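Data first, discussion second: the structure below is written as structure tokens.
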Amino acid sequence: EVHLVESGGGLVKPGGSLRLSCVASGFTFSSYTMNWVRQAPGKGLEWVSLISSSSNIIYYADSLKGRFTVSRDNAKNSLYLHVNSLRAEDTAVYYCAREINDYGDYRRFDPWGQGTLVTVSS
Amino acid sequence: DIQLTQSPSFLSASVGDRVTITCRASQGISSYLAWYQQKPGKAPKLLIYTASTLQSGVPSRFSGSGSGTEFTLTISSLQPEDFATYYCQQLNSYPRTFGQGTKVEIK
């Protein structure tokens, strides 16, 4: 079964840092582009970042550039998001999601992990 | 960035009702649109991709249509388990933006 499990969230003070992890199983992780999406409490989904299968293509949401860094370790089937200089508005559940792109079409995010909660508060 | 606007943001409906949600893109996105369902405390679940392709395992009462800038998600006969929030997402370009969501509640 295809599965994604996030970890690394928690309570952090403003200005602090965290490293979020996402471990994949049930598929060939090294063949897929991966994404991070976040959701603030009671709000909608916000795309955060993307990293291609070989890490040669990386994108970030404009509002997060410079503070967030995405990486992956294909040998460990793992995706990471380093989040720095955290602010109260970064409080959210952070999801990882596999991007499927069959033949250049049929694009979608599936599956999603269960999410990890980051709370930024003093 | 491509903006997606869903309407309505909230709708109240009864079991058995036909429900339609619209998603409009600020510029053409071909058919690169997906729909997700999210229940409280859960991760989003893929329903439809490439505007009209039903994800495996998703009931056939869900359908999608559209291309270019206007898309719809239709639930032909609303079931109790369908009360949730629905999001559209464009995958034509980066960033992979989402609509603001449509919450479907029991009337």
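So you can find residues: chains in the structure tokens are A, B, ... in the order shown, residues in each start at 1, and ligands are numbered from 1 in order.
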
What parts of chain B does DSSP call strand (DSSP E)? I'd like the answer as an mmCIF file with N, CA, C and O atoms, in the first residue's frame.
data_model
loop_
_atom_site.group_PDB
_atom_site.id
_atom_site.type_symbol
_atom_site.label_atom_id
_atom_site.label_comp_id
_atom_site.auth_asym_id
_atom_site.auth_seq_id
_atom_site.Cartn_x
_atom_site.Cartn_y
_atom_site.Cartn_z
ATOM 1 N N LEU B 4 -7.505 30.503 -8.348
ATOM 2 C CA LEU B 4 -8.701 29.683 -8.508
ATOM 3 C C LEU B 4 -9.774 30.188 -7.559
ATOM 4 O O LEU B 4 -9.509 30.378 -6.361
ATOM 5 N N THR B 5 -10.976 30.409 -8.095
ATOM 6 C CA THR B 5 -12.084 30.904 -7.292
ATOM 7 C C THR B 5 -13.210 29.885 -7.329
ATOM 8 O O THR B 5 -13.751 29.578 -8.401
ATOM 9 N N GLN B 6 -13.533 29.348 -6.166
ATOM 10 C CA GLN B 6 -14.619 28.385 -6.069
ATOM 11 C C GLN B 6 -15.904 29.093 -5.678
ATOM 12 O O GLN B 6 -15.911 30.051 -4.913
ATOM 13 N N SER B 7 -17.022 28.571 -6.190
ATOM 14 C CA SER B 7 -18.322 29.063 -5.754
ATOM 15 C C SER B 7 -19.316 27.904 -5.732
ATOM 16 O O SER B 7 -19.269 27.012 -6.583
ATOM 17 N N PHE B 10 -19.809 28.045 0.565
ATOM 18 C CA PHE B 10 -20.563 27.236 1.525
ATOM 19 C C PHE B 10 -21.883 26.863 0.888
ATOM 20 O O PHE B 10 -22.497 27.696 0.208
ATOM 21 N N LEU B 11 -22.293 25.618 1.092
ATOM 22 C CA LEU B 11 -23.625 25.256 0.654
ATOM 23 C C LEU B 11 -24.235 24.258 1.621
ATOM 24 O O LEU B 11 -23.551 23.413 2.205
ATOM 25 N N SER B 12 -25.537 24.415 1.771
ATOM 26 C CA SER B 12 -26.311 23.560 2.652
ATOM 27 C C SER B 12 -27.228 22.714 1.773
ATOM 28 O O SER B 12 -27.962 23.258 0.949
ATOM 29 N N ALA B 13 -27.157 21.403 1.926
ATOM 30 C CA ALA B 13 -27.916 20.520 1.049
ATOM 31 C C ALA B 13 -28.408 19.303 1.828
ATOM 32 O O ALA B 13 -27.913 18.998 2.925
ATOM 33 N N VAL B 19 -25.624 18.274 -6.293
ATOM 34 C CA VAL B 19 -24.803 19.413 -5.867
ATOM 35 C C VAL B 19 -23.763 19.718 -6.945
ATOM 36 O O VAL B 19 -23.119 18.803 -7.467
ATOM 37 N N THR B 20 -23.605 20.991 -7.245
ATOM 38 C CA THR B 20 -22.597 21.415 -8.221
ATOM 39 C C THR B 20 -21.730 22.507 -7.621
ATOM 40 O O THR B 20 -22.248 23.484 -7.063
ATOM 41 N N ILE B 21 -20.441 22.337 -7.726
ATOM 42 C CA ILE B 21 -19.451 23.314 -7.264
ATOM 43 C C ILE B 21 -18.652 23.770 -8.481
ATOM 44 O O ILE B 21 -18.238 22.953 -9.310
ATOM 45 N N THR B 22 -18.434 25.066 -8.566
ATOM 46 C CA THR B 22 -17.714 25.649 -9.712
ATOM 47 C C THR B 22 -16.340 26.134 -9.284
ATOM 48 O O THR B 22 -16.171 26.639 -8.166
ATOM 49 N N CYS B 23 -15.388 25.976 -10.158
ATOM 50 C CA CYS B 23 -14.023 26.467 -9.938
ATOM 51 C C CYS B 23 -13.608 27.240 -11.186
ATOM 52 O O CYS B 23 -13.633 26.688 -12.297
ATOM 53 N N ARG B 24 -13.271 28.509 -11.010
ATOM 54 C CA ARG B 24 -12.849 29.347 -12.134
ATOM 55 C C ARG B 24 -11.388 29.728 -11.986
ATOM 56 O O ARG B 24 -10.963 30.177 -10.916
ATOM 57 N N ALA B 25 -10.630 29.565 -13.056
ATOM 58 C CA ALA B 25 -9.216 29.910 -13.058
ATOM 59 C C ALA B 25 -9.002 31.289 -13.671
ATOM 60 O O ALA B 25 -9.717 31.689 -14.596
ATOM 61 N N LEU B 33 -6.772 20.177 -13.889
ATOM 62 C CA LEU B 33 -7.476 20.520 -12.664
ATOM 63 C C LEU B 33 -7.855 19.246 -11.918
ATOM 64 O O LEU B 33 -8.309 18.278 -12.514
ATOM 65 N N ALA B 34 -7.645 19.281 -10.608
ATOM 66 C CA ALA B 34 -8.004 18.162 -9.743
ATOM 67 C C ALA B 34 -8.966 18.645 -8.661
ATOM 68 O O ALA B 34 -8.978 19.834 -8.310
ATOM 69 N N TRP B 35 -9.759 17.716 -8.155
ATOM 70 C CA TRP B 35 -10.684 17.983 -7.050
ATOM 71 C C TRP B 35 -10.345 17.058 -5.892
ATOM 72 O O TRP B 35 -10.064 15.861 -6.086
ATOM 73 N N TYR B 36 -10.392 17.617 -4.679
ATOM 74 C CA TYR B 36 -10.114 16.857 -3.457
ATOM 75 C C TYR B 36 -11.259 17.044 -2.470
ATOM 76 O O TYR B 36 -11.894 18.108 -2.434
ATOM 77 N N GLN B 37 -11.452 16.022 -1.658
ATOM 78 C CA GLN B 37 -12.421 16.072 -0.563
ATOM 79 C C GLN B 37 -11.640 16.024 0.743
ATOM 80 O O GLN B 37 -10.711 15.218 0.888
ATOM 81 N N GLN B 38 -12.020 16.878 1.687
ATOM 82 C CA GLN B 38 -11.364 16.843 2.989
ATOM 83 C C GLN B 38 -12.401 16.841 4.099
ATOM 84 O O GLN B 38 -13.284 17.694 4.130
ATOM 85 N N LYS B 45 -8.337 14.036 0.122
ATOM 86 C CA LYS B 45 -8.432 12.792 -0.637
ATOM 87 C C LYS B 45 -8.745 13.139 -2.084
ATOM 88 O O LYS B 45 -9.667 13.921 -2.355
ATOM 89 N N LEU B 46 -7.988 12.573 -3.009
ATOM 90 C CA LEU B 46 -8.188 12.846 -4.430
ATOM 91 C C LEU B 46 -9.498 12.234 -4.912
ATOM 92 O O LEU B 46 -9.766 11.051 -4.681
ATOM 93 N N LEU B 47 -10.303 13.057 -5.598
ATOM 94 C CA LEU B 47 -11.547 12.574 -6.185
ATOM 95 C C LEU B 47 -11.449 12.467 -7.706
ATOM 96 O O LEU B 47 -11.820 11.463 -8.299
ATOM 97 N N ILE B 48 -11.012 13.541 -8.318
ATOM 98 C CA ILE B 48 -11.024 13.676 -9.783
ATOM 99 C C ILE B 48 -9.754 14.390 -10.224
ATOM 100 O O ILE B 48 -9.284 15.303 -9.537
ATOM 101 N N TYR B 49 -9.181 13.968 -11.346
ATOM 102 C CA TYR B 49 -8.028 14.653 -11.919
ATOM 103 C C TYR B 49 -8.209 14.816 -13.422
ATOM 104 O O TYR B 49 -9.084 14.181 -14.023
ATOM 105 N N THR B 53 -11.440 12.846 -14.873
ATOM 106 C CA THR B 53 -11.063 11.446 -14.644
ATOM 107 C C THR B 53 -11.312 11.078 -13.193
ATOM 108 O O THR B 53 -10.728 11.683 -12.287
ATOM 109 N N LEU B 54 -12.169 10.093 -12.980
ATOM 110 C CA LEU B 54 -12.517 9.679 -11.628
ATOM 111 C C LEU B 54 -11.403 8.815 -11.046
ATOM 112 O O LEU B 54 -10.966 7.840 -11.667
ATOM 113 N N PHE B 62 -19.785 11.036 -8.138
ATOM 114 C CA PHE B 62 -18.913 12.201 -8.332
ATOM 115 C C PHE B 62 -18.518 12.295 -9.809
ATOM 116 O O PHE B 62 -18.139 11.289 -10.418
ATOM 117 N N SER B 63 -18.605 13.484 -10.359
ATOM 118 C CA SER B 63 -18.137 13.692 -11.720
ATOM 119 C C SER B 63 -17.575 15.099 -11.866
ATOM 120 O O SER B 63 -17.933 16.004 -11.102
ATOM 121 N N GLY B 64 -16.698 15.257 -12.829
ATOM 122 C CA GLY B 64 -16.099 16.557 -13.083
ATOM 123 C C GLY B 64 -16.153 16.887 -14.558
ATOM 124 O O GLY B 64 -16.183 15.994 -15.406
ATOM 125 N N SER B 65 -16.180 18.176 -14.848
ATOM 126 C CA SER B 65 -16.183 18.608 -16.243
ATOM 127 C C SER B 65 -15.508 19.960 -16.361
ATOM 128 O O SER B 65 -15.239 20.631 -15.352
ATOM 129 N N GLY B 66 -15.265 20.344 -17.614
ATOM 130 C CA GLY B 66 -14.704 21.664 -17.874
ATOM 131 C C GLY B 66 -13.330 21.613 -18.493
ATOM 132 O O GLY B 66 -12.678 20.571 -18.531
ATOM 133 N N SER B 67 -12.911 22.760 -18.992
ATOM 134 C CA SER B 67 -11.560 22.942 -19.510
ATOM 135 C C SER B 67 -11.333 24.436 -19.690
ATOM 136 O O SER B 67 -12.298 25.216 -19.719
ATOM 137 N N GLU B 70 -13.074 27.293 -16.721
ATOM 138 C CA GLU B 70 -14.254 26.999 -15.916
ATOM 139 C C GLU B 70 -14.465 25.501 -15.775
ATOM 140 O O GLU B 70 -14.490 24.760 -16.753
ATOM 141 N N PHE B 71 -14.647 25.085 -14.514
ATOM 142 C CA PHE B 71 -14.738 23.677 -14.172
ATOM 143 C C PHE B 71 -15.856 23.456 -13.162
ATOM 144 O O PHE B 71 -16.175 24.365 -12.388
ATOM 145 N N THR B 72 -16.414 22.251 -13.181
ATOM 146 C CA THR B 72 -17.434 21.929 -12.195
ATOM 147 C C THR B 72 -17.190 20.546 -11.604
ATOM 148 O O THR B 72 -16.707 19.634 -12.289
ATOM 149 N N LEU B 73 -17.551 20.423 -10.343
ATOM 150 C CA LEU B 73 -17.627 19.143 -9.649
ATOM 151 C C LEU B 73 -19.096 18.929 -9.325
ATOM 152 O O LEU B 73 -19.732 19.812 -8.742
ATOM 153 N N THR B 74 -19.622 17.773 -9.713
ATOM 154 C CA THR B 74 -21.020 17.458 -9.452
ATOM 155 C C THR B 74 -21.115 16.184 -8.625
ATOM 156 O O THR B 74 -20.415 15.203 -8.898
ATOM 157 N N ILE B 75 -21.957 16.238 -7.623
ATOM 158 C CA ILE B 75 -22.326 15.051 -6.862
ATOM 159 C C ILE B 75 -23.788 14.783 -7.211
ATOM 160 O O ILE B 75 -24.654 15.606 -6.906
ATOM 161 N N THR B 85 -15.453 19.342 2.993
ATOM 162 C CA THR B 85 -14.993 20.506 2.242
ATOM 163 C C THR B 85 -14.285 20.023 0.982
ATOM 164 O O THR B 85 -13.504 19.067 1.028
ATOM 165 N N TYR B 86 -14.579 20.694 -0.131
ATOM 166 C CA TYR B 86 -14.039 20.305 -1.435
ATOM 167 C C TYR B 86 -13.136 21.423 -1.965
ATOM 168 O O TYR B 86 -13.477 22.607 -1.882
ATOM 169 N N TYR B 87 -11.986 21.017 -2.497
ATOM 170 C CA TYR B 87 -11.007 21.962 -3.040
ATOM 171 C C TYR B 87 -10.689 21.598 -4.484
ATOM 172 O O TYR B 87 -10.510 20.418 -4.806
ATOM 173 N N CYS B 88 -10.568 22.613 -5.317
ATOM 174 C CA CYS B 88 -9.992 22.403 -6.645
ATOM 175 C C CYS B 88 -8.529 22.816 -6.599
ATOM 176 O O CYS B 88 -8.111 23.580 -5.719
ATOM 177 N N GLN B 89 -7.742 22.293 -7.516
ATOM 178 C CA GLN B 89 -6.309 22.589 -7.603
ATOM 179 C C GLN B 89 -5.901 22.601 -9.069
ATOM 180 O O GLN B 89 -6.283 21.709 -9.831
ATOM 181 N N GLN B 90 -5.124 23.600 -9.441
ATOM 182 C CA GLN B 90 -4.608 23.607 -10.816
ATOM 183 C C GLN B 90 -3.197 23.040 -10.836
ATOM 184 O O GLN B 90 -2.372 23.317 -9.949
ATOM 185 N N THR B 102 -14.962 24.724 -0.711
ATOM 186 C CA THR B 102 -16.426 24.786 -0.611
ATOM 187 C C THR B 102 -16.850 23.797 0.465
ATOM 188 O O THR B 102 -16.595 22.597 0.341
ATOM 189 N N LYS B 103 -17.458 24.315 1.493
ATOM 190 C CA LYS B 103 -17.911 23.457 2.590
ATOM 191 C C LYS B 103 -19.354 23.040 2.315
ATOM 192 O O LYS B 103 -20.227 23.890 2.125
ATOM 193 N N VAL B 104 -19.576 21.731 2.295
ATOM 194 C CA VAL B 104 -20.916 21.188 2.065
ATOM 195 C C VAL B 104 -21.450 20.673 3.395
ATOM 196 O O VAL B 104 -20.873 19.754 3.992
ATOM 197 N N GLU B 105 -22.534 21.293 3.837
ATOM 198 C CA GLU B 105 -23.101 20.922 5.132
ATOM 199 C C GLU B 105 -24.517 20.377 4.980
ATOM 200 O O GLU B 105 -25.185 20.607 3.973
ATOM 201 N N ILE B 106 -24.945 19.687 6.012
ATOM 202 C CA ILE B 106 -26.278 19.080 6.014
ATOM 203 C C ILE B 106 -27.338 20.142 6.250
ATOM 204 O O ILE B 106 -27.219 20.966 7.160
#

Next on the checklist: Excluding B:Pro95 and its own-chain neighbours fewer than 6 positions away, which residues fall within 10 Å of it when counting only C-alpha atoms? Please give them as a list in words.
Outcome noted: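 Surrounding residues, per the criterion: Glu46, Trp47, Val48, Ser49, Leu50, Tyr59, Tyr60, Ala61 and Asp62 of chain A; Asp1, Ile2 and Gln3 of chain B.
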
Checklist entry - In Å, how far is it from atom CA of A:Gly15 to atom CA of A:Leu86? => result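 If I compute the distance from atom CA of A:Gly15 to atom CA of A:Leu86, I get 4.8 Å.
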
Item to check | Interface list for chain A, partner chain B, 7 Å threshold, only C-alpha atoms, as JSON, numbers by chain | outcome: {"A": [44, 45, 46, 47, 61, 106, 107, 108, 110, 112, 113, 114, 115]}

Same residues, all heavy atoms, output as a compact mmCIF listing (two decimals), in the first residue's frame:
# COMPACT_ATOMS: atom_id res chain seq x y z
N GLY A 44 -7.85 27.19 4.34
CA GLY A 44 -7.74 26.32 3.18
C GLY A 44 -6.33 25.79 2.98
O GLY A 44 -5.43 26.00 3.80
N LEU A 45 -6.16 25.09 1.88
CA LEU A 45 -4.88 24.48 1.54
C LEU A 45 -3.97 25.49 0.86
O LEU A 45 -4.40 26.24 -0.02
CB LEU A 45 -5.10 23.28 0.62
CG LEU A 45 -6.00 22.18 1.17
CD1 LEU A 45 -6.33 21.17 0.08
CD2 LEU A 45 -5.33 21.50 2.36
N GLU A 46 -2.70 25.48 1.25
CA GLU A 46 -1.70 26.37 0.66
C GLU A 46 -0.52 25.54 0.21
O GLU A 46 0.16 24.90 1.03
CB GLU A 46 -1.24 27.43 1.67
CG GLU A 46 -0.17 28.37 1.11
CD GLU A 46 0.39 29.33 2.15
OE1 GLU A 46 0.21 29.09 3.35
OE2 GLU A 46 1.04 30.31 1.75
N TRP A 47 -0.25 25.54 -1.09
CA TRP A 47 0.93 24.84 -1.60
C TRP A 47 2.19 25.54 -1.12
O TRP A 47 2.28 26.78 -1.14
CB TRP A 47 0.88 24.80 -3.13
CG TRP A 47 2.08 24.16 -3.75
CD1 TRP A 47 2.30 22.82 -3.92
CD2 TRP A 47 3.22 24.82 -4.28
NE1 TRP A 47 3.52 22.62 -4.52
CE2 TRP A 47 4.11 23.84 -4.76
CE3 TRP A 47 3.59 26.15 -4.39
CZ2 TRP A 47 5.33 24.15 -5.33
CZ3 TRP A 47 4.82 26.47 -4.97
CH2 TRP A 47 5.67 25.46 -5.43
N ALA A 61 6.62 28.50 -2.72
CA ALA A 61 5.67 29.61 -2.75
C ALA A 61 6.45 30.90 -2.54
O ALA A 61 7.35 30.95 -1.69
CB ALA A 61 4.61 29.42 -1.67
N TYR A 106 -2.52 13.91 -16.86
CA TYR A 106 -3.11 13.17 -15.74
C TYR A 106 -2.40 13.49 -14.43
O TYR A 106 -2.08 12.62 -13.64
CB TYR A 106 -3.08 11.65 -16.01
CG TYR A 106 -3.71 11.31 -17.33
CD1 TYR A 106 -2.93 10.90 -18.41
CD2 TYR A 106 -5.08 11.45 -17.52
CE1 TYR A 106 -3.51 10.63 -19.64
CE2 TYR A 106 -5.67 11.16 -18.74
CZ TYR A 106 -4.87 10.76 -19.80
OH TYR A 106 -5.44 10.49 -21.01
N ARG A 107 -2.17 14.78 -14.22
CA ARG A 107 -1.43 15.23 -13.05
C ARG A 107 -2.34 15.29 -11.84
O ARG A 107 -3.49 15.72 -11.93
CB ARG A 107 -0.83 16.62 -13.32
CG ARG A 107 0.07 16.65 -14.54
CD ARG A 107 0.41 18.06 -14.94
NE ARG A 107 1.12 18.08 -16.21
CZ ARG A 107 1.41 19.18 -16.88
NH1 ARG A 107 1.04 20.37 -16.41
NH2 ARG A 107 2.06 19.12 -18.03
N ARG A 108 -1.81 14.87 -10.70
CA ARG A 108 -2.58 14.96 -9.46
C ARG A 108 -1.66 14.68 -8.26
O ARG A 108 -0.57 14.14 -8.43
CB ARG A 108 -3.75 13.97 -9.43
CG ARG A 108 -3.40 12.48 -9.39
CD ARG A 108 -3.29 11.89 -10.76
NE ARG A 108 -3.32 10.42 -10.74
CZ ARG A 108 -2.87 9.66 -11.73
NH1 ARG A 108 -2.35 10.22 -12.82
NH2 ARG A 108 -2.95 8.34 -11.64
N ASP A 110 -1.42 12.48 -5.05
CA ASP A 110 -1.98 11.28 -4.44
C ASP A 110 -0.89 10.27 -4.15
O ASP A 110 -0.09 9.97 -5.05
CB ASP A 110 -3.02 10.63 -5.38
CG ASP A 110 -3.69 9.41 -4.76
OD1 ASP A 110 -4.40 9.58 -3.74
OD2 ASP A 110 -3.47 8.31 -5.26
N TRP A 112 -1.71 11.65 0.06
CA TRP A 112 -1.24 12.65 1.01
C TRP A 112 -0.91 11.94 2.33
O TRP A 112 -1.53 10.94 2.66
CB TRP A 112 -2.33 13.69 1.29
CG TRP A 112 -2.76 14.49 0.10
CD1 TRP A 112 -3.22 14.04 -1.10
CD2 TRP A 112 -2.81 15.91 0.03
NE1 TRP A 112 -3.55 15.08 -1.92
CE2 TRP A 112 -3.31 16.26 -1.25
CE3 TRP A 112 -2.49 16.95 0.90
CZ2 TRP A 112 -3.50 17.58 -1.68
CZ3 TRP A 112 -2.67 18.27 0.49
CH2 TRP A 112 -3.16 18.58 -0.79
N GLY A 113 0.04 12.49 3.05
CA GLY A 113 0.29 11.98 4.39
C GLY A 113 -0.79 12.48 5.35
O GLY A 113 -1.68 13.25 4.96
N GLN A 114 -0.70 12.07 6.59
CA GLN A 114 -1.71 12.46 7.58
C GLN A 114 -1.46 13.87 8.15
O GLN A 114 -2.32 14.44 8.80
CB GLN A 114 -1.75 11.44 8.74
CG GLN A 114 -0.76 11.68 9.87
CD GLN A 114 0.69 11.40 9.49
OE1 GLN A 114 0.98 10.83 8.43
NE2 GLN A 114 1.63 11.80 10.36
N GLY A 115 -0.26 14.40 7.88
CA GLY A 115 0.06 15.75 8.32
C GLY A 115 0.79 15.79 9.66
O GLY A 115 0.66 14.89 10.48

Item to check | Which of A:Asn35, A:Ser121, A:Ser30, A:Ser17 sits closest to A:Tyr80 [using only C-alpha atoms] | outcome: A:Asn35

Next on the checklist: Among stretch 6-62 of chain A, which ones does DSSP assign to helix (DSSP H, G or I) (computed from the backbone)? Answer as a PyMOL selection string.
Outcome noted: chain A and resi 29-31+62

Checklist entry - Suppose you want the space between atom CA of A:Ser31 and atom CA of B:Ser93; what is it in Å? => result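 Computing it gives 20.0 Å between the two atoms.
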
Next on the checklist: So the first atom is atom CA of A:Thr28 and the second is atom CA of A:Ser55; what is the distance between them in Å, to one decimal place?
Outcome noted: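 Answer for the atom CA of A:Thr28 to atom CA of A:Ser55 separation: 15.1 Å.
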
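Proximity of A:Thr116, A:Asn84, A:Thr33, A:Ser25 to A:Glu6, computed with only C-alpha atoms, is greatest for A:Thr116.
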